[in-house]
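Step one of this worksheet: look at the structure below.
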Amino acid sequence: IKELYLHDNSFTGNVPPSFTNLQSLRALRLEDNLLSGEIPAFLGMLDSLNVLYMSGNDLSGNIPEELGDLQQLVILGLGNNNIDGEIPLSIGNIPTLQVLDLGANKLRGTVPEVLLNCPLSFLQISNNFFTDFPAALTTLSLNSSSNASLNDFTFEDLQNFPNNLSYTPQNTNHAYDTTYLIAGTAGTIQLDFDNEVENSTYKWYKESNLLGTTTENSIAITEDIAGTYYYNLEIT
């Protein structure tokens, strides 16, 4: 068997280990089923695979490092699951990988620079919890369908995005901090991100009323009356 298409069914349970007997398999499509459990490491033994689709299931756990052993893989689709953890560095060992779909999971951390080792033309990482996008990845050559929206990237990350990688909208970043001032004295509210970003506008609100607009990620305030005040922020 060289191609096994089992997508768009109602298969449940774990991916069976008997798949390791299919050593000539080039395409395995299991997307849009009800499969659960972790992505099995033994799939890395199917070293003739060109296509692996497992999107649209209920898979959980981490992406196994062993998938980096699939040296002929062109398409890896793992989107729309409950996969967490980080993108394993071993993915950068796949010299043929052109399509990587990890969207709509619970992945986090840094998008690894090792993806530069792959001839990626499509990258889907939207709707996750990634927080860092290294400047080195600016040189990725992606098509216009690539998407990294709905993550936790800040402007410092977005300025590193390659052409054609969509980034809007992003998840709302909540930065909670408490500053104590003596009534009548000046103080500063300072964000702990976007320290090296230019050409952004920050609108600061005091209890829903516009307090002021700055081009830096900080604002000076003075409260004449003692009390507790809440400030919100809009970045454009």
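By convention in this document, the chains of the structure tokens carry letters A, B, ... by their order, each chain's residues are numbered from 1, and ligands are numbered from 1 in the order they are shown.
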
Give me, as a PyMOL selection string, all polymer residues having an atom no more than 8 Å from A:Gln124, counting only C-alpha atoms and skipping those fewer than 6 positions away in the same chain. chain A and resi 100-103+146-148

Keeping only C-alpha atoms, take the residues you just selected and write them out as an mmCIF file, in the first residue's frame.
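Wrote it out as again_4.cif, contents follow:
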```cif
data_model
loop_
_atom_site.group_PDB
_atom_site.id
_atom_site.type_symbol
_atom_site.label_atom_id
_atom_site.label_comp_id
_atom_site.auth_asym_id
_atom_site.auth_seq_id
_atom_site.Cartn_x
_atom_site.Cartn_y
_atom_site.Cartn_z
ATOM 1 C CA LEU A 100 3.410 22.933 7.764
ATOM 2 C CA ASP A 101 -0.060 23.309 9.280
ATOM 3 C CA LEU A 102 -0.156 23.576 13.075
ATOM 4 C CA GLY A 103 -3.060 26.009 13.373
ATOM 5 C CA SER A 146 0.273 31.607 5.388
ATOM 6 C CA ASN A 147 -1.144 32.726 8.716
ATOM 7 C CA ALA A 148 0.132 33.512 12.215
#
```

All residues 12 Å or closer to A:Leu6, only C-alpha atoms, same chain fewer than 3 positions away omitted, as a PyMOL selection string: chain A and resi 3+9-12+15+27-35+52-54

Taking the DSSP secondary structure from the backbone, can you list the residues of stretch 27-146 of chain A that are strand (DSSP E or B), as a PyMOL selection string? chain A and resi 27-29+34-38+51-53+58-61+75-77+82-85+99-101+106-110+122-124+129-132

Quick one: everything within 12 Å of stretch 61-64 of chain A, counting only C-alpha atoms, minus sequence neighbours fewer than 3 positions away in the same chain. Send it as number ranges by chain. A: 36-45, 54, 58, 67-70, 76-79, 81-91, 102, 105-108

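Near A:Gly187, within 9 Å and counting only C-alpha atoms, sit A:Thr179, A:Tyr180, A:Leu181, A:Ile219, A:Ala220, A:Ile221, A:Thr222, A:Glu223, not including residues fewer than 3 positions from it in the same chain.
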
Please, could you write that set of residues out with N, CA, C and O atoms as an mmCIF file, in the first residue's frame?
```
data_model
loop_
_atom_site.group_PDB
_atom_site.id
_atom_site.type_symbol
_atom_site.label_atom_id
_atom_site.label_comp_id
_atom_site.auth_asym_id
_atom_site.auth_seq_id
_atom_site.Cartn_x
_atom_site.Cartn_y
_atom_site.Cartn_z
ATOM 1 N N THR A 179 1.415 50.324 40.508
ATOM 2 C CA THR A 179 2.339 51.409 40.816
ATOM 3 C C THR A 179 1.747 52.240 41.944
ATOM 4 O O THR A 179 0.590 52.670 41.876
ATOM 5 N N TYR A 180 2.544 52.467 42.976
ATOM 6 C CA TYR A 180 2.081 53.256 44.121
ATOM 7 C C TYR A 180 2.688 54.652 44.051
ATOM 8 O O TYR A 180 3.904 54.811 43.905
ATOM 9 N N LEU A 181 1.829 55.680 44.140
ATOM 10 C CA LEU A 181 2.281 57.062 44.103
ATOM 11 C C LEU A 181 1.723 57.817 45.304
ATOM 12 O O LEU A 181 0.612 57.545 45.754
ATOM 13 N N ILE A 219 3.860 56.346 29.811
ATOM 14 C CA ILE A 219 3.171 57.616 29.988
ATOM 15 C C ILE A 219 3.381 58.097 31.418
ATOM 16 O O ILE A 219 3.428 57.295 32.362
ATOM 17 N N ALA A 220 3.538 59.408 31.571
ATOM 18 C CA ALA A 220 3.688 60.014 32.900
ATOM 19 C C ALA A 220 2.308 60.405 33.414
ATOM 20 O O ALA A 220 1.476 60.936 32.667
ATOM 21 N N ILE A 221 2.041 60.128 34.672
ATOM 22 C CA ILE A 221 0.742 60.445 35.270
ATOM 23 C C ILE A 221 0.942 61.150 36.615
ATOM 24 O O ILE A 221 1.974 60.989 37.270
ATOM 25 N N THR A 222 -0.054 61.917 36.992
ATOM 26 C CA THR A 222 -0.102 62.536 38.315
ATOM 27 C C THR A 222 -1.532 62.452 38.827
ATOM 28 O O THR A 222 -2.466 62.858 38.130
ATOM 29 N N GLU A 223 -1.708 61.916 39.994
ATOM 30 C CA GLU A 223 -3.029 61.849 40.608
ATOM 31 C C GLU A 223 -3.043 62.758 41.838
ATOM 32 O O GLU A 223 -2.241 62.596 42.751
#
```

Give me, please, the distance in Å between atom CA of A:Asn80 and atom CA of A:Asn163, quoted to one decimal.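 Calculated distance between atom CA of A:Asn80 and atom CA of A:Asn163 is 24.5 Å.
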
Could you jot down the atom CA of A:Ile94 to atom CA of A:Leu140 separation for me, Å, one decimal place?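 For atom CA of A:Ile94 relative to atom CA of A:Leu140, the distance reads 15.5 Å.
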
Which is closer to A:Phe130 than all the others in A:Asn151, A:Phe193, A:Leu142, A:Ala104, using only C-alpha atoms?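 Of A:Asn151, A:Phe193, A:Leu142, A:Ala104, the one nearest A:Phe130 is A:Asn151, counting only C-alpha atoms.
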
Which of stretch 20-163 of chain A fall in alpha helix (DSSP H), as JSON, numbers by chain: {"A": [155, 156, 157, 158]}

For the residues selected in the previous step, produce a file with all heavy atoms as a short mmCIF file (atom, residue, chain, number, x, y, z; two decimals), in the first residue's frame.
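Saved result, again.cif, follows:
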```cif
data_model
loop_
_atom_site.label_atom_id
_atom_site.label_comp_id
_atom_site.auth_asym_id
_atom_site.auth_seq_id
_atom_site.Cartn_x
_atom_site.Cartn_y
_atom_site.Cartn_z
N PHE A 155 4.47 43.76 18.92
CA PHE A 155 5.02 44.46 17.77
C PHE A 155 6.48 44.09 17.51
O PHE A 155 6.95 44.09 16.37
CB PHE A 155 4.89 45.97 17.95
CG PHE A 155 3.51 46.49 17.71
CD1 PHE A 155 2.80 47.11 18.72
CD2 PHE A 155 2.91 46.35 16.48
CE1 PHE A 155 1.52 47.59 18.50
CE2 PHE A 155 1.64 46.81 16.24
CZ PHE A 155 0.93 47.44 17.26
N GLU A 156 7.20 43.79 18.56
CA GLU A 156 8.61 43.40 18.39
C GLU A 156 8.72 42.14 17.55
O GLU A 156 9.69 41.96 16.81
CB GLU A 156 9.25 43.19 19.76
CG GLU A 156 9.48 44.49 20.51
CD GLU A 156 9.96 44.27 21.93
OE1 GLU A 156 9.39 43.43 22.65
OE2 GLU A 156 10.92 44.95 22.33
N ASP A 157 7.73 41.25 17.66
CA ASP A 157 7.73 40.05 16.84
C ASP A 157 7.22 40.33 15.42
O ASP A 157 7.79 39.85 14.44
CB ASP A 157 6.83 38.98 17.48
CG ASP A 157 7.30 38.57 18.85
OD1 ASP A 157 8.41 38.04 18.95
OD2 ASP A 157 6.56 38.77 19.82
N LEU A 158 6.17 41.13 15.33
CA LEU A 158 5.54 41.37 14.03
C LEU A 158 6.49 42.02 13.04
O LEU A 158 6.40 41.79 11.84
CB LEU A 158 4.29 42.23 14.20
CG LEU A 158 3.18 41.66 15.09
CD1 LEU A 158 1.96 42.55 15.05
CD2 LEU A 158 2.82 40.23 14.70
#
```

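Every protein, DNA or RNA residue with an atom at most 8 Å from A:Asn50, where only C-alpha atoms count and chain neighbours fewer than 6 positions away do not, is listed here: Arg26, Ala27, Gln72, Leu73, Val74 and Ile75 of chain A.
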
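Distances here use only C-alpha atoms; by that measure, the residue among A:Ser218, A:Ser18, A:Ser60, A:Asn164 closest to A:Thr188 is A:Ser218.
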
Residue nearest A:Cys118 among A:Gln71, A:Ser55, A:Asn171, A:Ser149 (counting only C-alpha atoms):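 Among the listed residues, A:Gln71 lies closest to A:Cys118.
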
Straight-line distance linking atom CA of A:Thr168 with atom CA of A:Gly92, stated in Å to one decimal: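 Those two atoms sit 26.0 Å apart.
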